[in-house]
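Accompanying notes for the structure given below.
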Amino acid sequence: MEFFQKNKILLGVAVALVVGVLLYAAFSAKSSGQRKDAGTVKNLDQGPAQGDSFFSVPDDWQYQEAPNPDTTLEAFLKSRELWPDIGEKKSSEEHRERIRREWREFAARYPHNLFIPPEFKNSTQAQKEAVRRDNELAADQAARQAAFAAQAKYRQPGEDPKESVGAPPNAAEQRAWLDYKIRETRSLIEVIDYFLDKGEPDSAQKASAQAELNRLKKKLSEYEKVYAEIPKQ
Amino acid sequence: MKKILLSVISLAVLANGLSAYTVAELFQKPAAIGDSLSQGFFGVTVEPKTQAWAYPVLVAKQAGSNLTYNELKGPYVNLEDVLKGDCGPICIGAAILGGNGKTYALPSHAGITGAEYTSVLRTSGTCEDITATKWEKQWYWKNWYTYTYRWVQVPDCKEPDKFHQLGLRDAGTQAEIIEKNRPTFLFGTAGANHVLCTALHTSTACLDEARFRRDIAEFMRRAKAIGTIRGGVLFTIPNVTAIAYLEPYTDPNGRASYSGLKPFYRKSVTDPGQVLDASEVRTIESFLAMLNNEIKIQAAANGYAVSDLRVIFDNLKSNGRLIRHSSGYSPGVARTHWPLPGKPGVFGLDGVHPNRYGHAVMANELIEAINARYGVNIAQVDEYSAWYYDSLNRNPVDLKNFLDHSIMGQVITWLISVFT
C-alpha cells in the first residue's frame with residue numbers, strides 16, 4: 001500500500017501509457033480493416049491472384065483488352081504512390097441501387113427539386129426541352145452577371161459601376177430567370193436539408209450547413225422580393 | 001590562357017544554370033501557387049483524388065519530393081459520379097457544402113481554384129482582400145476632459161469563397177504562404193484566369209492587362225526576395241478559345257455578331273452576348289499573346305524553366321497525342337475534348353479542366369522543360385498508366401446526352417460564377 005502511495009504519479013503515467021498503446025492498436029486495426037474493405041486491389045501481400053494484374057478493371061469500362069501497365073507489385077505500388085485512389089472501390093450494382101432508392105425517396109419528398117434526374121421524374125419530351133431552355137437561360141444570365149462582377153471585382157472605393165454587359169433583359173426574360181433562381185435556391189436548401197436528415201453529418205458539416213442554409217434563405221427572400229417588383233406586361 | 005578558359009566555362013555554367021543543382025537539391029523543398037489547374041479542379045469539384053493527380057503534385061513526386069496541401073471534399077459536385085449514378089442526394093448535399101480532409105498549418109501547395117495573380121497577392125483563407133480598408137470612428141481621450149473621436153482606416157475583411165477558406169485556412173495569402181515556406185523550387189503559374197473568364201462569360205469585359213502585368217511582376221518580385229529559390233517553372237496559357245467548352249457556330253441568317261464560338265450547352269444563339277464573334281476572338285488572342293509573352297519574360301528574368309503549353313495544346317488539338325503501352329497496344333490518340341466512346345480525351349466534364357490523363361500530359365511537359373533548363377533527369381509520368389486508371393477515359397460520359405437534365409443548369413452557372 002505504501003508502495004502505491006509513494007509511486008502514485010509513476011503508476012498513473014504507466015496506466016496512461018498502457019491505455020494509449022491499447023487505443024492506438026485498436027484504431028490501427030480498425031483503419032487497416034477499412035482500407036482492406038474499401039479496395040479492389042488483389043492480394044498485395046501474397047502476390048497476384050490471377051494472371052499478373054493487381055487491379056480489377058470494372059466491367060463497365062471500355063478497352064477491356066488494354067494490357068495492365070503494372071504487372072509487378074512494385075510497379076503497382078509505384079502507380080499508387082502517384083494516384084493513391086487507384087484500386088479503391090468506386091461503384092457496384094448494390095451501391096447504385098442504393099442511390100436509386102435515395103433518388104426515389106428524395107423525389108417523393110421534393111418533387112420539384114432541380115437535382116432530380118429525369119428518370120426519377122418520368123419527364124416527358126416537352127418537359128425535357130423546357131429544362132434545356134431553362135438551363136440555357138440560367139447560363140446566359142450567369143455569364144452576363146459574371147462579366148459584370150469581374151469588372152467590379154477590383155474597382156477602387158468610389159468608382160461607380162460600369163453599365164451592365166449587353167442589353168438588359170426584358171420583363172419576361174427577367175421573370176423567367178428569377179423564377180429559375182428561386183427554384184434553384186429552394187433545391188439547394190432541400191438537398192442540404194436532406195443530407196442533414198438522412199446523411200451522417202459531422203459537427204463541422206452541421207455548422208457549415210447551418211451557415212449555408214442561412215445564406216441561401218436570405219438569397220431566396222431577395223429573389224422573391226425582386227420577382228414581385230417585375231412589372232406585369 | 002587556362003584562367004580565361006576556366007572563366008568562360010564558369011560563365012557558361014552560370015548562364016545556363018546547367019548542373020548547378022541536382023534534382024534533390026532543386027526539389028529539397030518545393031512549393032506551388034496557382035489556380036484550379038494546380039489545385040486539381042475536376043468537373044466540377046476538388047477532392048483528394050483530383051488534388052493528388054494535379055500537375056505540381058505529380059512533378060514533385062517524380063522529382064522524389066512532395067507537396068503538402070489541405071485536402072478538400074468539395075464544393076461542388078463530382079459530375080462524373082452523379083451522371084454515372086454513383087452519387088445521390090445525400091452525397092450531393094455533402095459535396096455542395098464542402099469541407100476539409102487532412103489539413104496543414106502551413107501547406108507547401110497553395111494553389112486555389114478561381115485564383116489569379118491578383119488574388120495570389122490579396123486573398124487569404126479568411127479575407128477576400130487583405131488590402132481592403134474601411135473608415136471607422138476611433139473614440140479616445142484627447143485630454144482629461146475631452147472624450148472624442150478621430151477617423152481611422154481599418155482592415156475591411158470580408159469572407160472569401162469556399163475554395164480559399166478550405167484551401168488556405170489560416171495560413172495567409174498564396175504569396176504569404178510561399179514566403180513562409182522559403183522553398184527551393186517554385187511552381188509559379190497563376191495566369192489562366194486572367195483570360196479564361198472570356199470563354200466562360202463569352203465576353204471580353206474581364207480582360208485587364210494593367211492589373212495582370214502589375215500583379216505577376218509583384219508576385220515574382222516577392223518570390224525572388226525570399227532568397228531561397230533555386231529554380232522554378234512557369235507555363236504559357238493555352239488558347240482558351242480552343243477549349244472543349246466552346247464550339248464553332250454559324251448563324252443561319254449570316255449575322256457576323258451571332259456567329260463565332262458558342263458554349264457547348266447552347267443549341268443556338270439568340271443574342272450576340274451568347275457568342276464570341278471574330279472580333280472578340282482576335283481581342284482574346286492578342287491579350288493571350290501579351291500574357292504569354294510576359295510569362296516568358298518573367299521566367300527568363302528569374303532563371304525559371306518555361307513550358308510553352310500554348311504551342312503544345314495547339315499541337316494536341318491539331319494532331320492529338322498518342323497513348324501507347326510498351327507492348328505496342330494503343331487505345332488511340334487523345335484529343336482536346338472530354339473522353340467519348342472510342343475517343344480518348346484530356347478534359348474533364350466541364351470542357352475546361354484536365355482529367356487524370358490530362359494532368360499527366362501537363363506534368364510531363366513541365367518535366368521536359370525543367371530537365372532542359374536545369375540539366376536534370378526527372379523521369380516522365382507513364383501516360384499510358386494515367387489513361388489506364390482514368391475512369392472517365394475508360395468509361396466515358398457524353399455530356400451532350402445530359403443537357404436536358406436540370407442539374408446541368410446549376411453546374412454550368414456555378415462554374416461560370418467561380419471563374420469570375
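Ordering of the C-alpha cells sets the chain letters (A, B, ...), residue numbers begin anew at 1 in every chain, and ligands are numbered from 1 in the order given.
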
Compute the set of chain B residues within 6 Å of chain A, using only C-alpha atoms, and express it as a JSON list (two decimals) with N, CA and C atoms, in the first residue's frame.
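Once everything was written out, this is iface02.json:
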[["chain", "number", "residue", "atom", "x", "y", "z"],
["B", 49, "LYS", "N", -8.78, 12.84, -54.39],
["B", 49, "LYS", "CA", -8.37, 12.09, -55.58],
["B", 49, "LYS", "C", -7.85, 13.03, -56.67],
["B", 85, "GLY", "N", -24.44, 7.66, -61.72],
["B", 85, "GLY", "CA", -25.33, 7.06, -60.73],
["B", 85, "GLY", "C", -24.63, 6.64, -59.46],
["B", 86, "ASP", "N", -23.44, 7.18, -59.21],
["B", 86, "ASP", "CA", -22.69, 6.81, -58.00],
["B", 86, "ASP", "C", -22.83, 7.83, -56.88],
["B", 88, "GLY", "N", -25.81, 10.25, -55.08],
["B", 88, "GLY", "CA", -27.22, 10.63, -54.99],
["B", 88, "GLY", "C", -27.40, 11.88, -54.15],
["B", 90, "ILE", "N", -27.84, 12.54, -50.97],
["B", 90, "ILE", "CA", -27.06, 12.70, -49.72],
["B", 90, "ILE", "C", -25.63, 13.11, -50.06],
["B", 93, "GLY", "N", -25.61, 16.70, -51.33],
["B", 93, "GLY", "CA", -25.75, 17.67, -50.22],
["B", 93, "GLY", "C", -24.42, 17.88, -49.50],
["B", 201, "HIS", "N", -17.56, 33.58, -69.94],
["B", 201, "HIS", "CA", -18.56, 34.67, -69.96],
["B", 201, "HIS", "C", -18.97, 35.02, -71.39],
["B", 206, "CYS", "N", -13.80, 41.12, -68.97],
["B", 206, "CYS", "CA", -12.97, 40.84, -67.79],
["B", 206, "CYS", "C", -11.47, 41.05, -68.04],
["B", 385, "SER", "N", -0.34, 4.63, -68.16],
["B", 385, "SER", "CA", -0.90, 4.27, -66.85],
["B", 385, "SER", "C", -1.97, 5.29, -66.45],
["B", 394, "ARG", "N", -11.88, 5.60, -69.40],
["B", 394, "ARG", "CA", -12.22, 4.19, -69.60],
["B", 394, "ARG", "C", -13.72, 3.96, -69.67],
["B", 395, "ASN", "N", -14.48, 4.87, -69.06],
["B", 395, "ASN", "CA", -15.94, 4.73, -69.08],
["B", 395, "ASN", "C", -16.53, 6.12, -69.34],
["B", 404, "ASP", "N", -30.44, 18.00, -71.10],
["B", 404, "ASP", "CA", -31.82, 18.23, -70.65],
["B", 404, "ASP", "C", -32.02, 17.78, -69.20],
["B", 406, "SER", "N", -31.77, 18.91, -65.34],
["B", 406, "SER", "CA", -31.76, 20.23, -64.70],
["B", 406, "SER", "C", -30.48, 20.48, -63.88],
["B", 407, "ILE", "N", -29.79, 19.43, -63.47],
["B", 407, "ILE", "CA", -28.54, 19.66, -62.72],
["B", 407, "ILE", "C", -27.51, 20.37, -63.60],
["B", 409, "GLY", "N", -27.91, 22.89, -65.61],
["B", 409, "GLY", "CA", -28.04, 24.35, -65.49],
["B", 409, "GLY", "C", -27.32, 24.85, -64.25],
["B", 413, "THR", "N", -23.95, 27.24, -64.31],
["B", 413, "THR", "CA", -23.99, 28.58, -63.70],
["B", 413, "THR", "C", -22.99, 28.68, -62.55],
["B", 417, "SER", "N", -19.70, 31.23, -62.33],
["B", 417, "SER", "CA", -19.54, 32.17, -61.21],
["B", 417, "SER", "C", -18.20, 31.99, -60.49],
["B", 420, "THR", "N", -14.98, 33.94, -62.11],
["B", 420, "THR", "CA", -15.27, 35.35, -62.40],
["B", 420, "THR", "C", -14.00, 36.17, -62.31]]

- Message: Neighbouring residues of Ala278 (chain B) were defined as those with any atom within 10 Å, considering only C-alpha atoms; residues of the same chain fewer than 4 positions away were excluded. Please report them as an NGL selection string.
- Response: :B and (256-261 or 282-284)

- To one decimal in Å, tell me the separation between CA of Leu309 (chain B) and CA of Thr236 (chain B). 5.3 Å

- Query: Residues of region 92-193 of chain B in alpha helix (DSSP H) according to DSSP, as number ranges by chain?
  - Reply: B: 92-97, 117-122, 162-168, 174-181, 193

- Task: For region 240-244 of chain B, work out the shell of residues within 8 Å, counting only C-alpha atoms and skipping chain neighbours fewer than 5 positions away, then give it as a ChimeraX atom specification.
- Result: /B:195-196,199,261,264,281,284,317,336-338,347,351-352

- Item | Selection: 10 Å around Gln153 (chain B), only C-alpha atoms, excl. self and same-chain fewer than 2 positions, as a PyMOL selection string | chain B and resi 132-138+151+155-156
